[in-house]
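Peer 1: Handing you this structure, nothing more for now.
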Amino acid sequence: MVVSIYKATAVKMYDKVQKYWKKYLKDLQRKLETAGEAEGAWIHSKIEFMQETDMAVVVSQSLNEEKELKKKGAEIRVHRKRMVKEDLDKKFKDSDDPFRIVFVCAMWMTGFDVPCCSTIYLDKPMRNHTLMQTIARANRVFTDKVNGLIVDYVGVFRNLQKALAIYAPGPGGEVDFPVKDKGKLLEQLKKAIAEAKTFLQERKVDIDKLLESKAFKKVALIEDAAKAVILKDAEAFEGPLDESVDKILINDESKRKYLILAETVSKLFRAIKPDPLVTEFLPVCALIGVIADRIRSLTPQADISRVMGDVEKLLDRSIATEGYVIKDPKSEFARVDLSKIDFEKLREKFERGRKRMEAEKLKGVLETTLDAMVKLNRTRIDYLGKFQAMIDEYNAGSINVEEFFKKLVDFAQGLKEEEKRGLRENLTEEELALFDLLTKPDMKLTKNQELEVKKVAKELLETLKKEKLVLDWRKRQQTRAMVRLCIEQVLDRLPEVFTEDLWKKKCDLTYQHIYDSYFGEGRSVYQMATQL
């Protein structure tokens, strides 16, 4: 989105971009004639992208605009025709539509939500609410987009601190400045890459040798690197990773740490691109990501065929000259419906197949599902402790794979019952979370008292969602205070078994739960989970 100070300027900027866009295309086409195979593929894809990219001007209509703008050297007629005939609003919001660049003046500045918009060029003085709304156009997270880029031509960020103090004060009135210099991100990326490389080198993975290798040798080295990360004694096995993992214990801590390091590299890389500064880091970022993908391919949540297809494409095009193919991040609320798992067939498959592999797959299912369940109801944290204790016991060699698998199955069946508990209690997932928060741990209630607590939990949620959880309620002291007061007033109707000290504790826990789980305007962790 290119924001200009006047309508005529927006039209002229469109014309100027068109001129230099075509010039750059011709330069690329000349380069393509003499480029090598790898570089030629990259240039060809860039030419295709630029040729299909659509641009438009979107400005408000006024009387005699053609005549007035013509005096200023701007021709609006062709642009107005598009604005009238086409649904440019819908097209720009569609990340798959080739309409990728829009030139505006005042339109689409406020009340226009485009999560896929990644870059805004500001060539217009702004302040206060308008400045905040404009920046919000680019700061939405969307698939692999973790931040936006603002190019400030007129120094409007001088007014940003004042605007933030008015519209977005943090706790205690402090302001968290949301705009960061890209140079700092680059330093963070260098540090993240160095940490990932050191981690691999400690496991005897020569990342520089991997970068220089070609084709099939590279595939073998990536396999060795993945084994070095996740197996406790990788050197003892020469076969494929899928076979090795069935014969030896998994090093969960090493696997988890590497995936965190790789994700950090990936996020920072995505944050900086498409800035030319990131070009020199493309090969190593791609390689770190490919190794992480190979490791993830062992978990049931990953689409293994797609992962391996991406790996092969990256290798075919040569990591040294191509960008990083980044997959959509997994949802933090991804979970498997445990009620649909046939545990008898699962046991049969375990007995017939590679036992360690099947145990690892089931562990991956439970790990992801349990993580999502805890995010929706924090009183389930005890399940996490039991689950981790099982894994630690297995990794320490205290139990064999058969016993570990049996414990995993028993644990999964327990989780399945926990998933059904809301239905038995006649409560929704979010009502159950609040009910558990009020009654756990070890509250001894009669049946009538339990019914009273359920009634209070339902009434509190209904009141908060209908009246108090407004847009950005967490950012304003006044709305936070209103939510806290509402919680205290409704929880005052709890049974007398809740002593004054216990009541205060439950008020604190409930407020923290509401603050963490509900974002306002109907948005919450529960709404996000049901959309998957």
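So you can find residues: chains in the structure tokens are A, B, ... in the order shown, residues in each start at 1, and ligands are numbered from 1 in order.
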Going by DSSP on the backbone, which residues of range 83-128 of chain A come out as strand (DSSP E or B)? List them as JSON, numbers by chain.

Peer 2: {"A": [99, 100, 101, 102, 103, 104, 119, 120, 121, 122, 123]}

Peer 1: Keeping only N, CA and C atoms, write the selected residues to a file as an mmCIF file, in the first residue's frame.

Peer 2:
```cif
data_model
loop_
_atom_site.group_PDB
_atom_site.id
_atom_site.type_symbol
_atom_site.label_atom_id
_atom_site.label_comp_id
_atom_site.auth_asym_id
_atom_site.auth_seq_id
_atom_site.Cartn_x
_atom_site.Cartn_y
_atom_site.Cartn_z
ATOM 1 N N PHE A 99 -3.705 -8.789 -7.634
ATOM 2 C CA PHE A 99 -3.762 -7.368 -7.252
ATOM 3 C C PHE A 99 -2.982 -7.200 -5.952
ATOM 4 N N ARG A 100 -1.722 -6.736 -6.091
ATOM 5 C CA ARG A 100 -0.802 -6.735 -4.952
ATOM 6 C C ARG A 100 -0.343 -5.347 -4.506
ATOM 7 N N ILE A 101 -0.539 -4.329 -5.342
ATOM 8 C CA ILE A 101 -0.061 -2.987 -4.994
ATOM 9 C C ILE A 101 -1.193 -1.992 -5.212
ATOM 10 N N VAL A 102 -1.485 -1.182 -4.201
ATOM 11 C CA VAL A 102 -2.540 -0.176 -4.320
ATOM 12 C C VAL A 102 -1.984 1.184 -3.924
ATOM 13 N N PHE A 103 -2.429 2.204 -4.657
ATOM 14 C CA PHE A 103 -2.003 3.588 -4.406
ATOM 15 C C PHE A 103 -3.208 4.344 -3.859
ATOM 16 N N VAL A 104 -3.074 4.853 -2.631
ATOM 17 C CA VAL A 104 -4.209 5.503 -1.969
ATOM 18 C C VAL A 104 -3.805 6.882 -1.459
ATOM 19 N N THR A 119 3.473 -4.502 3.381
ATOM 20 C CA THR A 119 4.332 -3.316 3.286
ATOM 21 C C THR A 119 3.507 -2.059 3.042
ATOM 22 N N ILE A 120 3.853 -0.998 3.752
ATOM 23 C CA ILE A 120 3.198 0.299 3.544
ATOM 24 C C ILE A 120 4.277 1.362 3.335
ATOM 25 N N TYR A 121 4.116 2.122 2.254
ATOM 26 C CA TYR A 121 5.004 3.258 1.963
ATOM 27 C C TYR A 121 4.260 4.527 2.361
ATOM 28 N N LEU A 122 4.801 5.265 3.321
ATOM 29 C CA LEU A 122 4.130 6.460 3.832
ATOM 30 C C LEU A 122 4.773 7.719 3.248
ATOM 31 N N ASP A 123 3.997 8.425 2.454
ATOM 32 C CA ASP A 123 4.460 9.698 1.890
ATOM 33 C C ASP A 123 3.410 10.768 2.164
#
```

Peer 1: Write out as a list in words each polymer residue whose atoms come within 8 Å of Thr130 in chain A, counting only C-alpha atoms; drop sequence neighbours fewer than 3 positions from it.

Peer 2: Met109, Thr110, Met126, Arg127, Gln133 and Thr134 of chain A

Peer 1: Near Asp516 in chain A, counting only C-alpha atoms, which residues have an atom at most 12 Å away, once you skip same-chain residues fewer than 6 positions from it, shown as a PyMOL selection string?

Peer 2: chain A and resi 375-378+473-474+509-510+523-526

Peer 1: Taking into account only C-alpha atoms, which residue in the set A:Phe435, A:Lys19, A:Val409, A:Leu28 is nearest to Arg421 in chain A?

Peer 2: A:Phe435

Peer 1: By how many Å are CA of Ile341 in chain A and CA of Lys386 in chain A apart?

Peer 2: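 The value is 21.0 Å.
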